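Pasting work_18.txt here (compact mmCIF, C-alpha atoms):
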```txt
# COMPACT_ATOMS: atom_id res chain seq x y z
CA MET H 521 209.98 83.83 61.29
CA ASN H 522 213.18 82.74 63.00
CA HIS H 523 212.87 82.84 66.76
CA GLY H 524 216.21 82.83 68.53
CA GLY H 525 215.09 81.21 71.77
CA ALA H 526 212.20 79.29 73.22
CA VAL H 527 209.27 81.15 74.73
CA ASP H 528 208.85 80.19 78.37
CA ALA H 529 205.71 80.46 80.51
CA THR H 530 206.46 84.06 81.55
CA ASP H 531 207.08 85.12 77.94
CA ALA H 532 203.82 83.43 76.95
CA ARG H 533 201.92 85.31 79.67
CA ILE H 534 203.33 88.60 78.34
CA LEU H 535 202.39 87.68 74.75
CA LEU H 536 198.86 86.68 75.82
CA ALA H 537 198.42 89.98 77.63
CA LEU H 538 199.63 91.87 74.55
CA ASP H 539 197.29 89.85 72.36
CA GLU H 540 194.36 90.85 74.55
CA GLU H 541 195.49 94.47 74.86
CA PRO H 542 197.96 95.36 72.06
CA ARG H 543 198.36 98.95 73.27
CA ALA H 544 199.31 97.96 76.81
CA THR H 545 202.32 99.69 78.31
CA ALA H 546 205.07 97.97 80.23
CA VAL H 547 203.63 99.49 83.42
CA ALA H 548 200.16 98.09 82.65
CA LEU H 549 201.65 94.65 81.96
CA THR H 550 203.62 94.85 85.21
CA GLU H 551 200.44 95.45 87.17
CA ARG H 552 198.40 92.87 85.30
CA LEU H 553 200.98 90.08 85.45
CA GLY H 554 202.56 90.78 88.83
CA LEU H 555 206.04 91.04 87.37
CA SER H 556 208.69 93.70 87.82
CA ARG H 557 208.87 96.46 85.22
CA ASN H 558 212.45 95.52 84.36
CA THR H 559 211.42 91.90 83.78
CA VAL H 560 208.54 92.90 81.50
CA GLN H 561 210.61 95.44 79.57
CA ALA H 562 213.61 93.14 79.11
CA ARG H 563 211.49 90.21 77.97
CA TRP H 564 209.34 92.37 75.69
CA SER H 565 212.48 93.76 74.04
CA ARG H 566 213.95 90.27 73.62
CA LEU H 567 210.69 88.92 72.15
CA GLU H 568 210.70 91.72 69.57
CA ARG H 569 214.41 91.33 68.81
CA ASP H 570 214.20 87.54 68.44
CA GLY H 571 211.14 87.70 66.19
CA ALA H 572 208.67 86.05 68.57
CA LEU H 573 206.60 89.24 68.53
CA GLY H 574 205.84 90.02 64.91
CA PRO H 575 205.13 93.32 63.21
CA PHE H 576 201.91 95.23 63.79
CA ALA H 577 201.06 94.98 60.07
CA ARG H 578 200.23 91.30 60.61
CA ARG H 579 197.04 92.45 62.37
CA VAL H 580 195.83 94.67 59.52
CA ASP H 581 193.04 93.20 57.39
CA PRO H 582 193.91 93.55 53.68
CA ALA H 583 190.21 94.23 52.95
CA ALA H 584 190.53 97.46 54.95
CA LEU H 585 193.21 98.51 52.44
CA GLY H 586 191.00 97.75 49.45
CA TYR H 587 192.05 94.13 48.88
CA PRO H 588 189.09 91.93 49.85
CA LEU H 589 190.11 88.90 47.74
CA THR H 590 192.66 86.40 48.99
CA ALA H 591 194.15 83.73 46.75
CA PHE H 592 196.75 81.05 47.22
CA VAL H 593 199.16 80.41 44.38
CA THR H 594 201.26 77.27 44.20
CA MET H 595 204.32 77.43 41.98
CA ARG H 596 206.89 75.15 40.48
CA VAL H 597 210.13 76.97 39.90
CA ASP H 598 213.55 76.36 38.42
CA GLN H 599 215.45 75.17 41.49
CA LEU H 600 218.58 77.05 40.46
CA ARG H 601 216.58 80.30 40.51
CA LEU H 602 214.68 79.78 43.77
CA THR H 603 216.34 82.70 45.57
CA GLU H 604 215.85 84.98 42.56
CA VAL H 605 212.18 83.99 42.32
CA GLY H 606 211.65 84.63 46.03
CA ALA H 607 213.19 88.08 45.73
CA ALA H 608 211.06 88.92 42.67
CA LEU H 609 207.88 87.81 44.45
CA GLY H 610 208.85 90.05 47.37
CA ASP H 611 208.80 92.99 44.95
CA ILE H 612 205.10 92.47 44.19
CA PRO H 613 203.12 94.37 46.86
CA GLU H 614 200.06 92.13 46.62
CA VAL H 615 202.15 89.06 47.52
CA VAL H 616 201.79 89.10 51.29
CA GLU H 617 203.45 85.77 52.16
CA VAL H 618 205.55 83.14 50.41
CA TYR H 619 206.52 79.75 51.79
CA GLY H 620 209.00 77.26 50.39
CA LEU H 621 207.48 73.78 50.40
CA SER H 622 208.69 70.22 50.23
CA GLY H 623 207.16 67.85 47.69
CA ASP H 624 206.02 68.47 44.13
CA ILE H 625 205.18 72.14 44.67
CA ASP H 626 208.05 74.53 45.41
CA LEU H 627 206.33 77.69 46.64
CA LEU H 628 203.03 78.74 48.15
CA ALA H 629 202.17 82.42 47.92
CA ARG H 630 199.27 84.19 49.56
CA VAL H 631 198.18 87.13 47.46
CA VAL H 632 195.49 89.76 47.93
CA ALA H 633 193.55 91.54 45.20
CA ALA H 634 190.93 94.24 44.79
CA ASP H 635 188.75 92.13 42.47
CA ALA H 636 188.92 89.39 39.83
CA ASP H 637 190.49 91.69 37.23
CA ASP H 638 193.16 92.71 39.72
CA LEU H 639 193.85 89.06 40.57
CA TYR H 640 194.27 88.36 36.86
CA ARG H 641 196.81 91.20 36.61
CA ILE H 642 198.70 89.90 39.66
CA ALA H 643 198.73 86.34 38.27
CA GLY H 644 200.29 87.76 35.10
CA ARG H 645 203.05 89.38 37.16
CA LEU H 646 203.69 86.08 38.96
CA HIS H 647 203.93 84.17 35.67
CA ALA H 648 206.32 86.78 34.29
CA VAL H 649 208.86 86.15 37.08
CA PRO H 650 211.91 84.47 35.51
CA GLY H 651 212.20 80.97 36.93
CA VAL H 652 208.48 80.37 37.54
CA GLU H 653 207.69 77.31 35.46
CA ARG H 654 204.09 76.61 36.40
CA SER H 655 201.48 77.92 38.81
CA SER H 656 197.98 77.24 40.02
CA THR H 657 195.74 79.82 41.69
CA SER H 658 192.97 79.05 44.18
CA LEU H 659 190.63 81.74 45.42
CA ALA H 660 189.91 81.68 49.14
CA MET H 661 186.14 81.46 49.48
CA ASN H 662 185.90 81.63 53.27
CA GLN H 663 188.29 81.69 56.20
CA LEU H 664 187.17 78.86 58.47
CA VAL H 665 189.88 79.26 61.11
CA PRO H 666 191.57 82.67 61.26
CA HIS H 667 195.25 82.97 62.04
CA ARG H 668 195.55 82.28 65.75
CA LEU H 669 198.12 81.38 68.34
CA THR H 670 196.14 82.02 71.51
CA PRO H 671 195.57 78.30 72.27
CA LEU H 672 199.31 77.63 71.96
CA LEU H 673 200.18 80.69 74.05
CA GLU H 674 197.73 79.55 76.75
CA ARG H 675 199.35 76.12 76.78
CA ALA H 676 202.83 77.67 77.04
CA ALA H 677 201.68 80.07 79.79
CA GLU H 678 200.50 77.06 81.78
CA GLY H 679 203.99 75.66 81.46
CA THR H 680 202.82 72.51 79.66
CA GLY H 681 204.70 73.31 76.44
CA ARG H 682 204.31 71.31 73.25
CA ARG H 683 202.06 68.28 73.19
CA ARG H 684 202.30 65.42 70.77
CA GLY H 685 199.57 63.11 69.54
```
Could you show the structure in this file as structure tokens?
Amino acid sequence: MNHGGAVDATDARILLALDEEPRATAVALTERLGLSRNTVQARWSRLERDGALGPFARRVDPAALGYPLTAFVTMRVDQLRLTEVGAALGDIPEVVEVYGLSGDIDLLARVVAADADDLYRIAGRLHAVPGVERSSTSLAMNQLVPHRLTPLLERAAEGTGRRRG
């Protein structure tokens, strides 16, 4: 999640092209974007190295792997065990993301499950993690806005950058 440097308009154009055609080669991007092959290859490598271009697994739908249910679990944890809790959550395959939060809730985990019984089993594993004091699970009923960055990439490709207000 840490990106070492800012994405400029040229980087954003490369990322947009890869979003539209994930299997594109450097040569295809060169032709499409009107950039030199060395420029495309160097920037593509830097985007991967710096974490701006995430792993392919991010695009895989958990339902295709047999996990059609998504739930969000908020947790309060013993603050002195936060790192230990994070590591333990990372050992549970069905926990696909965990965020540290400010405020009354310490962690937000996105978990996937095969069905309600499986979600119950996973919740039991989460509660068994030493340092988890309290949790609340909410089942995702519908995804109203899927994960997307295209509008932000388009803005960056135009060179307008971040907008406020």
- Item | Distance in Å - atom CA of Asp624 of chain H versus atom CA of Ile612 of chain H |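 Taking atom CA of Asp624 of chain H and atom CA of Ile612 of chain H, their separation equals 24.0 Å.
Of the listed residues (H:Asn662, H:Thr670, H:Thr680, H:Thr530), H:Asn662 comes nearest to Leu589 of chain H; the distances count all atoms listed in the file.
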- Interatomic distance (Å, one decimal) between atom CA of Ser655 of chain H and atom CA of Ala634 of chain H: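 Going from atom CA of Ser655 of chain H over to atom CA of Ala634 of chain H covers 20.3 Å.
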- Message: Let me make sure I understand: among H:Val652, H:Ala544, H:Val632, H:Ala529, which one has the smallest atom-to-atom distance to Arg601 of chain H if we use all atoms listed in the file?
- Response: H:Val652
- Message: With distances taken over all atoms listed in the file, which residue among H:Asp581, H:Ala677, H:Asp611, H:Ala648 lies nearest Val527 of chain H?
- Response: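 For Val527 of chain H, the nearest of the given residues is H:Ala677.
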- Point-to-point distance in Å for atom CA of Arg641 of chain H and atom CA of Gly623 of chain H: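 These two atoms are separated by 27.8 Å.
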- Which of these residues is nearest to Leu538 of chain H, using only C-alpha atoms: H:Arg645, H:Arg569, H:Leu673, H:Leu555?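 Selected residue with least distance to Leu538 of chain H: H:Leu673.
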- Distance criterion (all atoms listed in the file): nearest to Tyr587 of chain H out of H:Pro650, H:Pro613, H:Pro575, H:Gly606: H:Pro613
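Here the question is which of H:Leu628, H:Leu664, H:Leu567, H:Ala676 gets nearest to Ala591 of chain H using all atoms listed in the file, and that residue is H:Leu628.
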- Find the spatial neighbours of Ile642 of chain H, counting all atoms listed in the file, within a cut-off of 9 Å - ignore same-chain residues fewer than 2 positions away - and output them as a VMD selection string. chain H and resid 612 614 to 615 631 to 633 637 to 640 644 to 647
- Query: Near Thr559 of chain H, within 12 Å and counting all atoms listed in the file, which residues show up once chain neighbours fewer than 2 positions away are dropped, as an MDAnalysis selection string?
  - Reply: chainID H and resid 530:531 534 546:547 549:550 553:557 561:566
- Message: Can you pull out the residues contacting Leu602 of chain H? Cut-off 12 Å, using all atoms listed in the file, and skip same-chain residues under 2 positions away; I want them as a PyMOL selection string.
- Response: chain H and resi 595-600+604-609+618-621+626-627+649-653
What would the file be for segment 630-667 of chain H if you keep N, CA and C atoms and write it as a compact mmCIF listing (two decimals), in the first residue's frame?
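See decode05.txt below for the written result:
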```
# COMPACT_ATOMS: atom_id res chain seq x y z
N ARG H 630 -11.86 -7.41 6.13
CA ARG H 630 -12.78 -7.94 5.11
C ARG H 630 -12.49 -9.42 5.03
N VAL H 631 -13.53 -10.21 5.22
CA VAL H 631 -13.38 -11.67 5.16
C VAL H 631 -14.33 -12.22 4.11
N VAL H 632 -13.97 -13.36 3.56
CA VAL H 632 -14.82 -14.06 2.60
C VAL H 632 -15.13 -15.44 3.16
N ALA H 633 -16.31 -15.95 2.77
CA ALA H 633 -16.73 -17.25 3.29
C ALA H 633 -17.55 -17.99 2.23
N ALA H 634 -17.58 -19.31 2.38
CA ALA H 634 -18.33 -20.15 1.45
C ALA H 634 -19.83 -20.05 1.70
N ASP H 635 -20.21 -19.95 2.98
CA ASP H 635 -21.63 -19.88 3.35
C ASP H 635 -21.70 -19.40 4.79
N ALA H 636 -22.92 -19.38 5.36
CA ALA H 636 -23.10 -18.88 6.72
C ALA H 636 -22.35 -19.73 7.74
N ASP H 637 -22.37 -21.05 7.56
CA ASP H 637 -21.64 -21.91 8.50
C ASP H 637 -20.14 -21.63 8.46
N ASP H 638 -19.63 -21.41 7.26
CA ASP H 638 -18.21 -21.10 7.11
C ASP H 638 -17.88 -19.76 7.76
N LEU H 639 -18.77 -18.78 7.60
CA LEU H 639 -18.56 -17.48 8.23
C LEU H 639 -18.54 -17.62 9.75
N TYR H 640 -19.40 -18.46 10.27
CA TYR H 640 -19.43 -18.71 11.71
C TYR H 640 -18.09 -19.30 12.18
N ARG H 641 -17.56 -20.24 11.42
CA ARG H 641 -16.26 -20.85 11.74
C ARG H 641 -15.16 -19.80 11.71
N ILE H 642 -15.16 -18.95 10.69
CA ILE H 642 -14.14 -17.91 10.56
C ILE H 642 -14.25 -16.92 11.72
N ALA H 643 -15.47 -16.52 12.07
CA ALA H 643 -15.67 -15.61 13.20
C ALA H 643 -15.09 -16.20 14.47
N GLY H 644 -15.26 -17.51 14.65
CA GLY H 644 -14.67 -18.19 15.81
C GLY H 644 -13.15 -18.08 15.82
N ARG H 645 -12.54 -18.22 14.65
CA ARG H 645 -11.08 -18.08 14.56
C ARG H 645 -10.65 -16.66 14.90
N LEU H 646 -11.43 -15.67 14.43
CA LEU H 646 -11.09 -14.28 14.73
C LEU H 646 -11.18 -14.02 16.22
N HIS H 647 -12.22 -14.51 16.86
CA HIS H 647 -12.40 -14.30 18.31
C HIS H 647 -11.34 -15.02 19.13
N ALA H 648 -10.78 -16.07 18.57
CA ALA H 648 -9.76 -16.85 19.30
C ALA H 648 -8.37 -16.20 19.23
N VAL H 649 -8.21 -15.17 18.41
CA VAL H 649 -6.90 -14.50 18.30
C VAL H 649 -6.61 -13.78 19.61
N PRO H 650 -5.49 -14.11 20.28
CA PRO H 650 -5.13 -13.42 21.51
C PRO H 650 -4.99 -11.91 21.27
N GLY H 651 -5.68 -11.14 22.07
CA GLY H 651 -5.64 -9.69 21.94
C GLY H 651 -6.91 -9.10 21.34
N VAL H 652 -7.74 -9.93 20.71
CA VAL H 652 -9.02 -9.44 20.20
C VAL H 652 -9.97 -9.39 21.39
N GLU H 653 -10.45 -8.20 21.70
CA GLU H 653 -11.31 -8.03 22.86
C GLU H 653 -12.80 -8.09 22.50
N ARG H 654 -13.14 -7.57 21.35
CA ARG H 654 -14.54 -7.51 20.94
C ARG H 654 -14.60 -7.36 19.44
N SER H 655 -15.64 -7.94 18.83
CA SER H 655 -15.80 -7.78 17.39
C SER H 655 -17.27 -7.68 17.03
N SER H 656 -17.51 -7.20 15.84
CA SER H 656 -18.86 -7.12 15.29
C SER H 656 -18.76 -7.46 13.81
N THR H 657 -19.63 -8.34 13.33
CA THR H 657 -19.58 -8.79 11.95
C THR H 657 -20.81 -8.30 11.19
N SER H 658 -20.57 -7.74 10.02
CA SER H 658 -21.65 -7.29 9.14
C SER H 658 -21.49 -7.98 7.80
N LEU H 659 -22.55 -8.61 7.34
CA LEU H 659 -22.54 -9.30 6.06
C LEU H 659 -22.80 -8.30 4.95
N ALA H 660 -21.97 -8.33 3.92
CA ALA H 660 -22.18 -7.46 2.77
C ALA H 660 -23.35 -8.03 1.96
N MET H 661 -24.38 -7.22 1.79
CA MET H 661 -25.58 -7.67 1.07
C MET H 661 -25.47 -7.40 -0.42
N ASN H 662 -24.80 -6.31 -0.79
CA ASN H 662 -24.69 -5.91 -2.18
C ASN H 662 -23.52 -4.95 -2.31
N GLN H 663 -22.80 -5.04 -3.39
CA GLN H 663 -21.70 -4.10 -3.64
C GLN H 663 -22.25 -3.01 -4.55
N LEU H 664 -22.43 -1.82 -4.00
CA LEU H 664 -23.03 -0.72 -4.75
C LEU H 664 -22.03 0.00 -5.64
N VAL H 665 -20.80 0.12 -5.18
CA VAL H 665 -19.72 0.70 -5.99
C VAL H 665 -18.53 -0.24 -5.86
N PRO H 666 -18.18 -0.93 -6.94
CA PRO H 666 -17.03 -1.85 -6.86
C PRO H 666 -15.73 -1.06 -6.73
N HIS H 667 -14.71 -1.77 -6.25
CA HIS H 667 -13.39 -1.15 -6.15
C HIS H 667 -13.04 -0.54 -7.50
```
